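Listing of target_25.cif, mmCIF, C-alpha atoms
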```cif
data_coords
loop_
_atom_site.group_PDB
_atom_site.id
_atom_site.type_symbol
_atom_site.label_atom_id
_atom_site.label_comp_id
_atom_site.auth_asym_id
_atom_site.auth_seq_id
_atom_site.Cartn_x
_atom_site.Cartn_y
_atom_site.Cartn_z
ATOM 1 C CA VAL V 1 92.908 116.142 101.700
ATOM 2 C CA PHE V 2 95.615 118.680 100.896
ATOM 3 C CA GLN V 3 96.519 121.220 98.226
ATOM 4 C CA SER V 4 97.828 119.367 95.188
ATOM 5 C CA ARG V 5 97.593 119.212 91.431
ATOM 6 C CA SER V 6 95.323 116.229 92.038
ATOM 7 C CA ARG V 7 92.550 117.020 94.538
ATOM 8 C CA LEU V 8 90.197 114.692 96.333
ATOM 9 C CA VAL V 9 86.646 115.667 95.451
ATOM 10 C CA GLY V 10 83.403 114.333 96.854
ATOM 11 C CA ALA V 11 84.903 111.694 99.170
ATOM 12 C CA PRO V 12 84.060 111.494 102.882
ATOM 13 C CA PRO V 13 86.470 113.363 105.165
ATOM 14 C CA MET V 14 89.259 111.320 106.668
ATOM 15 C CA PRO V 15 89.470 111.435 110.480
ATOM 16 C CA GLY V 16 92.209 113.750 111.719
ATOM 17 C CA ILE V 17 93.245 115.086 108.292
ATOM 18 C CA SER V 18 93.241 118.692 107.146
ATOM 19 C CA GLU V 19 95.229 120.648 104.587
ATOM 20 C CA ASP V 20 97.823 121.417 107.286
ATOM 21 C CA THR V 21 98.396 117.811 108.312
ATOM 22 C CA ASN V 22 101.898 116.532 107.586
ATOM 23 C CA THR V 23 102.482 113.589 105.273
ATOM 24 C CA ALA V 24 103.398 111.035 107.957
ATOM 25 C CA ASP V 25 100.165 111.726 109.832
ATOM 26 C CA ILE V 26 98.179 111.503 106.593
ATOM 27 C CA ILE V 27 99.608 108.051 105.858
ATOM 28 C CA SER V 28 98.959 106.940 109.440
ATOM 29 C CA SER V 29 95.335 108.100 109.236
ATOM 30 C CA LEU V 30 94.808 106.334 105.913
ATOM 31 C CA VAL V 31 96.209 103.088 107.323
ATOM 32 C CA ASN V 32 94.131 103.304 110.503
ATOM 33 C CA PHE V 33 91.022 104.062 108.459
ATOM 34 C CA ALA V 34 91.493 101.301 105.899
ATOM 35 C CA VAL V 35 92.990 98.342 107.740
ATOM 36 C CA PRO V 36 89.947 97.447 109.906
ATOM 37 C CA MET V 37 87.871 97.091 106.723
ATOM 38 C CA ILE V 38 90.349 95.029 104.706
ATOM 39 C CA ALA V 39 89.801 91.695 106.477
ATOM 40 C CA SER V 40 86.034 91.851 106.029
ATOM 41 C CA SER V 41 86.069 93.259 102.488
ATOM 42 C CA ALA V 42 88.888 91.295 100.847
ATOM 43 C CA PRO V 43 87.722 89.009 98.043
ATOM 44 C CA GLU V 44 87.361 85.369 99.015
ATOM 45 C CA ALA V 45 89.883 82.833 97.822
ATOM 46 C CA ALA V 46 88.918 80.551 94.973
ATOM 47 C CA PRO V 47 87.028 77.404 96.030
ATOM 48 C CA GLY V 48 89.390 74.705 97.217
ATOM 49 C CA MET V 49 92.302 77.131 97.636
ATOM 50 C CA PRO V 50 94.150 76.283 100.878
ATOM 51 C CA GLU V 51 95.011 78.937 103.414
ATOM 52 C CA GLY V 52 98.151 80.770 102.325
ATOM 53 C CA PHE V 53 100.391 79.680 99.476
ATOM 54 C CA THR V 54 101.075 76.051 98.596
ATOM 55 C CA PRO V 55 104.575 75.365 97.226
ATOM 56 C CA LEU V 56 104.675 74.098 93.653
ATOM 57 C CA PRO V 57 106.194 70.666 92.987
ATOM 58 C CA VAL V 58 109.977 70.558 92.620
ATOM 59 C CA CYS V 59 111.554 68.857 89.637
ATOM 60 C CA HIS V 60 114.256 66.473 90.886
ATOM 61 C CA SER V 61 115.296 65.054 87.532
ATOM 62 C CA CYS V 62 116.305 68.322 85.835
ATOM 63 C CA PRO V 63 119.789 69.846 86.159
ATOM 64 C CA SER V 64 120.067 72.867 88.404
ATOM 65 C CA SER V 65 122.703 75.463 89.098
ATOM 66 C CA SER V 66 123.499 77.625 92.080
ATOM 67 C CA GLN V 67 123.455 80.563 89.670
ATOM 68 C CA ASP V 68 119.727 80.038 89.109
ATOM 69 C CA THR V 69 118.697 81.443 92.490
ATOM 70 C CA LEU V 70 116.803 84.712 92.413
ATOM 71 C CA GLU V 71 117.569 85.507 96.033
ATOM 72 C CA ASP V 72 121.373 85.988 95.953
ATOM 73 C CA PHE V 73 122.464 89.361 94.597
ATOM 74 C CA SER V 74 125.609 89.725 96.710
ATOM 75 C CA LYS V 75 127.889 88.704 93.810
ATOM 76 C CA TRP V 76 125.570 89.393 90.886
ATOM 77 C CA LYS V 77 127.096 90.661 87.650
ATOM 78 C CA PRO V 78 125.189 91.864 84.576
ATOM 79 C CA ALA V 79 125.326 89.609 81.540
ATOM 80 C CA GLY V 80 126.668 90.911 78.251
ATOM 81 C CA ASP V 81 128.780 93.913 77.369
ATOM 82 C CA TRP V 82 126.971 96.737 79.163
ATOM 83 C CA PRO V 83 128.051 100.340 78.456
ATOM 84 C CA SER V 84 129.865 101.921 81.361
ATOM 85 C CA PRO V 85 128.501 105.346 82.350
ATOM 86 C CA GLY V 86 130.866 108.298 82.632
ATOM 87 C CA PRO V 87 130.582 110.133 85.978
ATOM 88 C CA LYS V 88 130.500 107.993 89.093
ATOM 89 C CA HIS V 89 127.796 108.725 91.646
ATOM 90 C CA ARG V 90 127.038 108.033 95.282
ATOM 91 C CA VAL V 91 123.454 106.820 95.142
ATOM 92 C CA ALA V 92 121.248 106.656 98.245
ATOM 93 C CA LEU V 93 118.339 104.321 97.496
ATOM 94 C CA PHE V 94 115.303 104.252 99.776
ATOM 95 C CA ALA V 95 113.161 101.113 99.530
ATOM 96 C CA GLY V 96 110.085 99.930 101.380
ATOM 97 C CA VAL V 97 111.257 96.326 100.948
ATOM 98 C CA TYR V 98 114.744 95.085 100.124
ATOM 99 C CA ASN V 99 115.985 91.943 101.858
ATOM 100 C CA HIS V 100 113.234 90.579 104.123
ATOM 101 C CA VAL V 101 110.590 89.717 101.490
ATOM 102 C CA VAL V 102 110.990 88.250 98.012
ATOM 103 C CA ASP V 103 108.703 90.289 95.772
ATOM 104 C CA GLY V 104 108.943 92.234 92.539
ATOM 105 C CA VAL V 105 110.049 95.494 94.143
ATOM 106 C CA ALA V 106 112.799 93.838 96.195
ATOM 107 C CA LEU V 107 114.139 91.920 93.201
ATOM 108 C CA THR V 108 114.075 94.969 90.927
ATOM 109 C CA CYS V 109 115.828 97.163 93.491
ATOM 110 C CA ASN V 110 118.498 94.519 94.104
ATOM 111 C CA ARG V 111 119.137 94.138 90.381
ATOM 112 C CA LEU V 112 119.423 97.915 90.040
ATOM 113 C CA VAL V 113 121.870 98.210 92.933
ATOM 114 C CA ALA V 114 123.935 95.251 91.707
ATOM 115 C CA TYR V 115 124.189 96.844 88.267
ATOM 116 C CA LEU V 116 125.156 100.261 89.660
ATOM 117 C CA VAL V 117 127.850 98.697 91.843
ATOM 118 C CA SER V 118 129.185 96.706 88.867
ATOM 119 C CA GLN V 119 129.567 100.005 86.997
ATOM 120 C CA GLY V 120 131.649 101.605 89.745
ATOM 121 C CA HIS V 121 128.979 103.634 91.555
ATOM 122 C CA GLU V 122 128.696 103.662 95.345
ATOM 123 C CA VAL V 123 125.251 102.724 96.672
ATOM 124 C CA LEU V 124 123.755 102.982 100.145
ATOM 125 C CA VAL V 125 120.329 101.348 100.576
ATOM 126 C CA LEU V 126 118.066 102.429 103.431
ATOM 127 C CA GLY V 127 114.892 100.566 104.303
ATOM 128 C CA PRO V 128 113.058 98.409 106.835
ATOM 129 C CA THR V 129 113.983 94.828 107.612
ATOM 130 C CA ARG V 130 113.123 92.066 110.050
ATOM 131 C CA THR V 131 115.362 91.124 112.970
ATOM 132 C CA ASP V 132 113.394 88.028 113.988
ATOM 133 C CA ILE V 133 114.395 86.062 110.875
ATOM 134 C CA GLU V 134 117.377 85.724 108.588
ATOM 135 C CA PRO V 135 117.131 87.882 105.445
ATOM 136 C CA VAL V 136 115.550 85.920 102.601
ATOM 137 C CA ILE V 137 117.614 87.845 100.036
ATOM 138 C CA LYS V 138 121.405 88.116 100.000
ATOM 139 C CA HIS V 139 121.154 91.749 99.049
ATOM 140 C CA ALA V 140 123.360 93.795 96.793
ATOM 141 C CA GLY V 141 125.237 96.851 98.060
ATOM 142 C CA ASN V 142 125.470 98.318 101.551
ATOM 143 C CA PHE V 143 122.220 98.203 103.514
ATOM 144 C CA HIS V 144 121.306 100.397 106.488
ATOM 145 C CA PRO V 145 118.094 99.401 108.336
ATOM 146 C CA VAL V 146 115.689 102.091 109.525
ATOM 147 C CA THR V 147 113.088 102.104 112.271
ATOM 148 C CA SER V 148 109.903 100.348 111.186
ATOM 149 C CA ILE V 149 106.732 98.672 112.408
ATOM 150 C CA VAL V 150 104.791 95.625 111.236
ATOM 151 C CA PHE V 151 102.478 96.571 108.379
ATOM 152 C CA PRO V 152 98.877 96.035 109.555
ATOM 153 C CA GLY V 153 97.353 92.957 107.989
ATOM 154 C CA ARG V 154 100.611 91.902 106.277
ATOM 155 C CA PRO V 155 103.048 90.768 109.006
ATOM 156 C CA GLU V 156 105.764 89.797 106.499
ATOM 157 C CA TYR V 157 106.057 93.466 105.469
ATOM 158 C CA ARG V 158 107.391 96.402 107.474
ATOM 159 C CA LEU V 159 106.435 100.090 107.287
ATOM 160 C CA ALA V 160 109.418 102.416 107.661
ATOM 161 C CA LEU V 161 108.665 105.392 109.895
ATOM 162 C CA GLY V 162 111.032 107.844 108.222
ATOM 163 C CA LEU V 163 114.657 108.833 108.698
ATOM 164 C CA ASP V 164 115.755 108.076 112.247
ATOM 165 C CA SER V 165 118.925 109.507 113.809
ATOM 166 C CA GLY V 166 121.022 106.538 112.684
ATOM 167 C CA ALA V 167 119.850 106.904 109.084
ATOM 168 C CA ARG V 168 120.568 110.629 109.099
ATOM 169 C CA ALA V 169 124.064 109.987 110.420
ATOM 170 C CA ALA V 170 124.654 107.355 107.736
ATOM 171 C CA LEU V 171 123.460 109.743 105.019
ATOM 172 C CA THR V 172 125.666 112.537 106.290
ATOM 173 C CA LYS V 173 128.697 110.254 106.203
ATOM 174 C CA PHE V 174 127.792 108.834 102.779
ATOM 175 C CA ASN V 175 127.374 112.297 101.196
ATOM 176 C CA ALA V 176 125.126 111.103 98.344
ATOM 177 C CA THR V 177 125.084 112.863 94.978
ATOM 178 C CA ILE V 178 121.568 111.607 94.113
ATOM 179 C CA PHE V 179 118.574 110.065 95.909
ATOM 180 C CA HIS V 180 116.503 107.249 94.362
ATOM 181 C CA LEU V 181 113.110 106.662 96.006
ATOM 182 C CA ALA V 182 111.255 103.402 95.486
ATOM 183 C CA SER V 183 108.059 103.958 97.467
ATOM 184 C CA PRO V 184 105.743 106.830 98.510
ATOM 185 C CA ASP V 185 105.893 105.879 102.184
ATOM 186 C CA PRO V 186 107.007 107.887 105.263
ATOM 187 C CA LEU V 187 110.638 106.979 104.501
ATOM 188 C CA GLY V 188 110.300 108.271 100.938
ATOM 189 C CA PHE V 189 108.699 111.546 102.024
ATOM 190 C CA SER V 190 111.315 111.992 104.743
ATOM 191 C CA ALA V 191 114.104 111.392 102.220
ATOM 192 C CA GLN V 192 112.542 113.934 99.865
ATOM 193 C CA SER V 193 112.552 116.545 102.598
ATOM 194 C CA TRP V 194 116.183 115.780 103.497
ATOM 195 C CA ALA V 195 117.264 116.007 99.852
ATOM 196 C CA LYS V 196 115.503 119.346 99.389
ATOM 197 C CA ASP V 197 117.275 120.786 102.438
ATOM 198 C CA GLN V 198 120.630 119.465 101.232
ATOM 199 C CA GLY V 199 120.180 120.413 97.567
ATOM 200 C CA ILE V 200 120.419 116.778 96.386
ATOM 201 C CA PRO V 201 118.565 115.775 93.180
ATOM 202 C CA VAL V 202 115.809 113.184 93.626
ATOM 203 C CA VAL V 203 114.454 110.587 91.207
ATOM 204 C CA CYS V 204 111.951 107.852 91.913
ATOM 205 C CA ALA V 205 110.595 104.648 90.427
ATOM 206 C CA TYR V 206 106.934 103.702 90.163
ATOM 207 C CA HIS V 207 106.661 100.101 91.341
ATOM 208 C CA THR V 208 103.301 99.549 93.048
ATOM 209 C CA HIS V 209 99.963 100.725 91.653
ATOM 210 C CA PHE V 210 98.361 101.574 94.989
ATOM 211 C CA PRO V 211 95.043 102.899 93.577
ATOM 212 C CA GLN V 212 94.341 99.404 92.254
ATOM 213 C CA TYR V 213 94.767 98.011 95.764
ATOM 214 C CA VAL V 214 91.994 100.160 97.234
ATOM 215 C CA LYS V 215 89.670 98.954 94.467
ATOM 216 C CA TYR V 216 90.647 95.333 95.128
ATOM 217 C CA TYR V 217 89.799 95.687 98.821
ATOM 218 C CA HIS V 218 86.537 97.531 98.046
ATOM 219 C CA LEU V 219 87.821 100.763 99.614
ATOM 220 C CA GLY V 220 86.875 103.014 96.735
ATOM 221 C CA ALA V 221 86.296 105.971 99.059
ATOM 222 C CA LEU V 222 90.067 106.127 99.577
ATOM 223 C CA GLU V 223 91.029 106.180 95.893
ATOM 224 C CA GLY V 224 90.989 109.966 95.586
ATOM 225 C CA ALA V 225 93.087 110.350 98.723
ATOM 226 C CA VAL V 226 95.637 107.835 97.393
ATOM 227 C CA TRP V 227 95.915 109.663 94.056
ATOM 228 C CA ALA V 228 96.380 112.973 95.874
ATOM 229 C CA LEU V 229 99.060 111.492 98.116
ATOM 230 C CA MET V 230 100.872 110.074 95.107
ATOM 231 C CA SER V 231 100.701 113.408 93.302
ATOM 232 C CA ARG V 232 102.254 115.105 96.294
ATOM 233 C CA PHE V 233 105.064 112.545 96.336
ATOM 234 C CA TYR V 234 105.933 112.115 92.653
ATOM 235 C CA SER V 235 105.702 115.825 91.861
ATOM 236 C CA GLY V 236 108.632 116.268 94.240
ATOM 237 C CA CYS V 237 110.910 114.113 92.057
ATOM 238 C CA ALA V 238 112.851 115.362 89.031
ATOM 239 C CA HIS V 239 112.081 112.122 87.177
ATOM 240 C CA THR V 240 109.656 109.276 87.817
ATOM 241 C CA TYR V 241 110.525 105.998 86.097
ATOM 242 C CA VAL V 242 107.456 104.001 85.033
ATOM 243 C CA PRO V 243 107.395 100.418 83.694
ATOM 244 C CA THR V 244 104.942 100.859 80.798
ATOM 245 C CA LEU V 245 103.421 103.492 78.541
ATOM 246 C CA SER V 246 99.943 102.737 79.903
ATOM 247 C CA VAL V 247 101.111 103.523 83.462
ATOM 248 C CA LYS V 248 102.624 106.782 82.215
ATOM 249 C CA GLN V 249 99.343 107.756 80.562
ATOM 250 C CA GLU V 250 97.321 106.937 83.684
ATOM 251 C CA LEU V 251 99.612 108.997 85.910
ATOM 252 C CA MET V 252 99.315 111.911 83.493
ATOM 253 C CA HIS V 253 95.526 111.512 83.438
ATOM 254 C CA HIS V 254 95.425 111.860 87.235
ATOM 255 C CA SER V 255 97.892 114.783 87.200
ATOM 256 C CA VAL V 256 100.398 112.828 89.271
ATOM 257 C CA ALA V 257 103.311 114.155 87.209
ATOM 258 C CA ARG V 258 103.923 116.044 83.984
ATOM 259 C CA ALA V 259 104.858 114.208 80.799
ATOM 260 C CA GLU V 260 108.445 115.499 80.848
ATOM 261 C CA GLU V 261 108.897 114.160 84.392
ATOM 262 C CA LEU V 262 107.799 110.609 83.483
ATOM 263 C CA ARG V 263 110.444 108.361 81.930
ATOM 264 C CA LEU V 264 109.949 104.803 80.674
ATOM 265 C CA TRP V 265 112.001 102.186 82.526
ATOM 266 C CA THR V 266 110.706 98.970 81.017
ATOM 267 C CA ARG V 267 111.199 95.529 82.548
ATOM 268 C CA GLY V 268 112.674 92.477 80.884
ATOM 269 C CA VAL V 269 112.922 88.721 81.242
ATOM 270 C CA ASP V 270 116.123 86.982 82.311
ATOM 271 C CA THR V 271 116.360 84.519 79.401
ATOM 272 C CA LYS V 272 119.231 82.722 81.096
ATOM 273 C CA LEU V 273 116.881 81.791 83.915
ATOM 274 C CA PHE V 274 113.605 81.516 81.986
ATOM 275 C CA ASN V 275 114.048 79.597 78.739
ATOM 276 C CA PRO V 276 112.768 76.393 77.047
ATOM 277 C CA LEU V 277 115.845 74.443 78.181
ATOM 278 C CA LYS V 278 114.348 74.533 81.675
ATOM 279 C CA ARG V 279 111.254 72.640 80.517
ATOM 280 C CA CYS V 280 110.538 69.839 83.003
ATOM 281 C CA PRO V 281 108.133 67.000 82.085
ATOM 282 C CA GLU V 282 108.181 65.698 85.680
ATOM 283 C CA TRP V 283 107.041 69.074 87.011
ATOM 284 C CA ARG V 284 104.215 69.335 84.480
ATOM 285 C CA GLU V 285 103.126 65.782 85.297
ATOM 286 C CA ALA V 286 103.032 66.603 89.010
ATOM 287 C CA LEU V 287 100.696 69.495 88.182
ATOM 288 C CA GLN V 288 98.636 67.183 85.926
ATOM 289 C CA VAL V 289 99.116 69.535 82.973
ATOM 290 C CA PRO V 290 99.363 67.876 79.523
ATOM 291 C CA ALA V 291 102.547 68.485 77.555
ATOM 292 C CA ASP V 292 100.787 70.550 74.889
ATOM 293 C CA VAL V 293 98.940 72.886 77.290
ATOM 294 C CA PRO V 294 100.592 76.243 78.049
ATOM 295 C CA ILE V 295 101.111 77.253 81.687
ATOM 296 C CA ILE V 296 100.740 80.941 82.493
ATOM 297 C CA LEU V 297 102.754 82.068 85.524
ATOM 298 C CA LEU V 298 101.909 85.415 87.127
#
```

As structure tokens, how would this structure be written, given the file I've shared?
Amino acid sequence: VFQSRSRLVGAPPMPGISEDTNTADIISSLVNFAVPMIASSAPEAAPGMPEGFTPLPVCHSCPSSSQDTLEDFSKWKPAGDWPSPGPKHRVALFAGVYNHVVDGVALTCNRLVAYLVSQGHEVLVLGPTRTDIEPVIKHAGNFHPVTSIVFPGRPEYRLALGLDSGARAALTKFNATIFHLASPDPLGFSAQSWAKDQGIPVVCAYHTHFPQYVKYYHLGALEGAVWALMSRFYSGCAHTYVPTLSVKQELMHHSVARAEELRLWTRGVDTKLFNPLKRCPEWREALQVPADVPIILL
């Protein structure tokens, strides 16, 4: 698809893509090529599974607290005696999802921003959002929306189209000392280009394992192109923060980044929110799960 440390070999040519094609057009071509096949190739739901998600039963007999919500990061403070870093930074964080969908990336980014703010850093978050609904997350930090479109096949998500004039003006005023990129999308590539022109250091976090998605949707012909695109993106970052050692090893195997560029940023469990004191017999009974049977939540 393009010159890179990770090359696509033996896959069918993608319509409209050559080595001279810019990144935004590459992503657009990949989306246009893949989306029509996703609906027909996606694995079927398990027998008896209703359309969409069914809410789990709510336990009405157990005590609850307003502090238990995962969706409010506007006044979040880290627990414990965290070390305070020395120099204070102005961090521009670019996220593909931040306040309009509750998922792992949005929650992780909000926790990161809330922690940075609690330590005295200034943070400006740029990303897509939805204007037709109220945000489902009371986000941490200052948020500047960017131009986006509905992601094909997933209407709850938005695809940012890059840095628009309003975002560029906001960045100029903010005068960031470091860029943090959360997704290899057009916004992330655009931010990389801006940072390079301005001499701003760039780091990124590896949240979503996109190659696994093309396998899940039986689009194996695109896997090489996805790896090549990721190599192009992550090789442009000084550091890439990965959640596990196995992810680090896989990225190295596919020449996405060198070992010295990959740093472990492991995840944890909020034991204040998830602990045995929250055990609810009524909830287990509603699910018809015996008291001695473990429940695995993914």

**Request:** Any chance you could resolve the PyMOL selection byres ((chain V and resi 164) around 12) against this file and give the residues as JSON, numbers by chain?
**Result:** {"V": [126, 127, 128, 144, 145, 146, 147, 148, 160, 161, 162, 163, 165, 166, 167, 168, 169, 170, 171, 186, 187, 190, 191, 194]}

**Request:** Please provide as a list in words all residues within 8 Å of Cys237 (chain V), with the sequence filter that same-chain residues fewer than 5 positions apart are discarded (counting only C-alpha atoms).
**Result:** Gln192, Pro201, Val202, Val203, Cys204 and Glu261 of chain V

**Item:** Nearest-residue call for Glu250 (chain V), choices V:Ala225, V:Cys109, V:Ile200, V:Leu262, using all atoms listed in the file
**Value:**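 Checking each of V:Ala225, V:Cys109, V:Ile200, V:Leu262 against Glu250 (chain V), counting all atoms listed in the file, the winner is V:Leu262.
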
**Asked** To one decimal place, how far is CA of Leu159 (chain V) from CA of Val247 (chain V) in Å?
**Response**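 CA of Leu159 (chain V) sits 24.7 Å away from CA of Val247 (chain V).
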
**Interatomic distance (Å, one decimal) between CA of Trp227 (chain V) and CA of His239 (chain V)** =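 Calculated distance between CA of Trp227 (chain V) and CA of His239 (chain V) is 17.7 Å.
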
**Request:** Report the distance between CA of Ala182 (chain V) and CA of Phe151 (chain V) in Å, rounded to one decimal place.
**Result:**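 Taking CA of Ala182 (chain V) as the start and CA of Phe151 (chain V) as the end point, the length is 17.0 Å.
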
What would region 271-282 of chain V look like with N, CA, C and O atoms in place, written as a PDB file, in the frame of the given file?
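Result written to part_3.pdb:
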```pdb
ATOM      1  N   THR V 271     116.483  85.711  80.263  1.00  0.00           N
ATOM      2  CA  THR V 271     116.360  84.519  79.401  1.00  0.00           C
ATOM      3  C   THR V 271     117.357  83.432  79.769  1.00  0.00           C
ATOM      4  O   THR V 271     117.247  82.301  79.286  1.00  0.00           O
ATOM      5  N   LYS V 272     118.324  83.751  80.609  1.00  0.00           N
ATOM      6  CA  LYS V 272     119.231  82.722  81.096  1.00  0.00           C
ATOM      7  C   LYS V 272     118.533  81.861  82.147  1.00  0.00           C
ATOM      8  O   LYS V 272     118.814  80.664  82.287  1.00  0.00           O
ATOM      9  N   LEU V 273     117.607  82.490  82.860  1.00  0.00           N
ATOM     10  CA  LEU V 273     116.881  81.791  83.915  1.00  0.00           C
ATOM     11  C   LEU V 273     115.567  81.208  83.400  1.00  0.00           C
ATOM     12  O   LEU V 273     115.168  80.100  83.755  1.00  0.00           O
ATOM     13  N   PHE V 274     114.890  81.954  82.529  1.00  0.00           N
ATOM     14  CA  PHE V 274     113.605  81.516  81.986  1.00  0.00           C
ATOM     15  C   PHE V 274     113.766  81.231  80.494  1.00  0.00           C
ATOM     16  O   PHE V 274     113.771  82.154  79.672  1.00  0.00           O
ATOM     17  N   ASN V 275     113.906  79.965  80.141  1.00  0.00           N
ATOM     18  CA  ASN V 275     114.048  79.597  78.739  1.00  0.00           C
ATOM     19  C   ASN V 275     113.586  78.149  78.548  1.00  0.00           C
ATOM     20  O   ASN V 275     113.477  77.386  79.518  1.00  0.00           O
ATOM     21  N   PRO V 276     113.314  77.739  77.298  1.00  0.00           N
ATOM     22  CA  PRO V 276     112.768  76.393  77.047  1.00  0.00           C
ATOM     23  C   PRO V 276     113.659  75.256  77.509  1.00  0.00           C
ATOM     24  O   PRO V 276     113.171  74.132  77.704  1.00  0.00           O
ATOM     25  N   LEU V 277     114.964  75.495  77.699  1.00  0.00           N
ATOM     26  CA  LEU V 277     115.845  74.443  78.181  1.00  0.00           C
ATOM     27  C   LEU V 277     115.494  74.018  79.605  1.00  0.00           C
ATOM     28  O   LEU V 277     115.904  72.950  80.061  1.00  0.00           O
ATOM     29  N   LYS V 278     114.749  74.854  80.307  1.00  0.00           N
ATOM     30  CA  LYS V 278     114.348  74.533  81.675  1.00  0.00           C
ATOM     31  C   LYS V 278     113.064  73.694  81.718  1.00  0.00           C
ATOM     32  O   LYS V 278     112.574  73.364  82.798  1.00  0.00           O
ATOM     33  N   ARG V 279     112.505  73.395  80.551  1.00  0.00           N
ATOM     34  CA  ARG V 279     111.254  72.640  80.517  1.00  0.00           C
ATOM     35  C   ARG V 279     111.405  71.314  81.258  1.00  0.00           C
ATOM     36  O   ARG V 279     112.374  70.588  81.054  1.00  0.00           O
ATOM     37  N   CYS V 280     110.440  71.014  82.136  1.00  0.00           N
ATOM     38  CA  CYS V 280     110.538  69.839  83.003  1.00  0.00           C
ATOM     39  C   CYS V 280     109.269  68.999  82.909  1.00  0.00           C
ATOM     40  O   CYS V 280     108.225  69.355  83.483  1.00  0.00           O
ATOM     41  N   PRO V 281     109.315  67.875  82.195  1.00  0.00           N
ATOM     42  CA  PRO V 281     108.133  67.000  82.085  1.00  0.00           C
ATOM     43  C   PRO V 281     107.642  66.507  83.443  1.00  0.00           C
ATOM     44  O   PRO V 281     106.424  66.383  83.661  1.00  0.00           O
ATOM     45  N   GLU V 282     108.577  66.199  84.358  1.00  0.00           N
ATOM     46  CA  GLU V 282     108.181  65.698  85.680  1.00  0.00           C
ATOM     47  C   GLU V 282     107.349  66.737  86.423  1.00  0.00           C
ATOM     48  O   GLU V 282     106.351  66.416  87.079  1.00  0.00           O
TER      49      GLU V 282
END
```
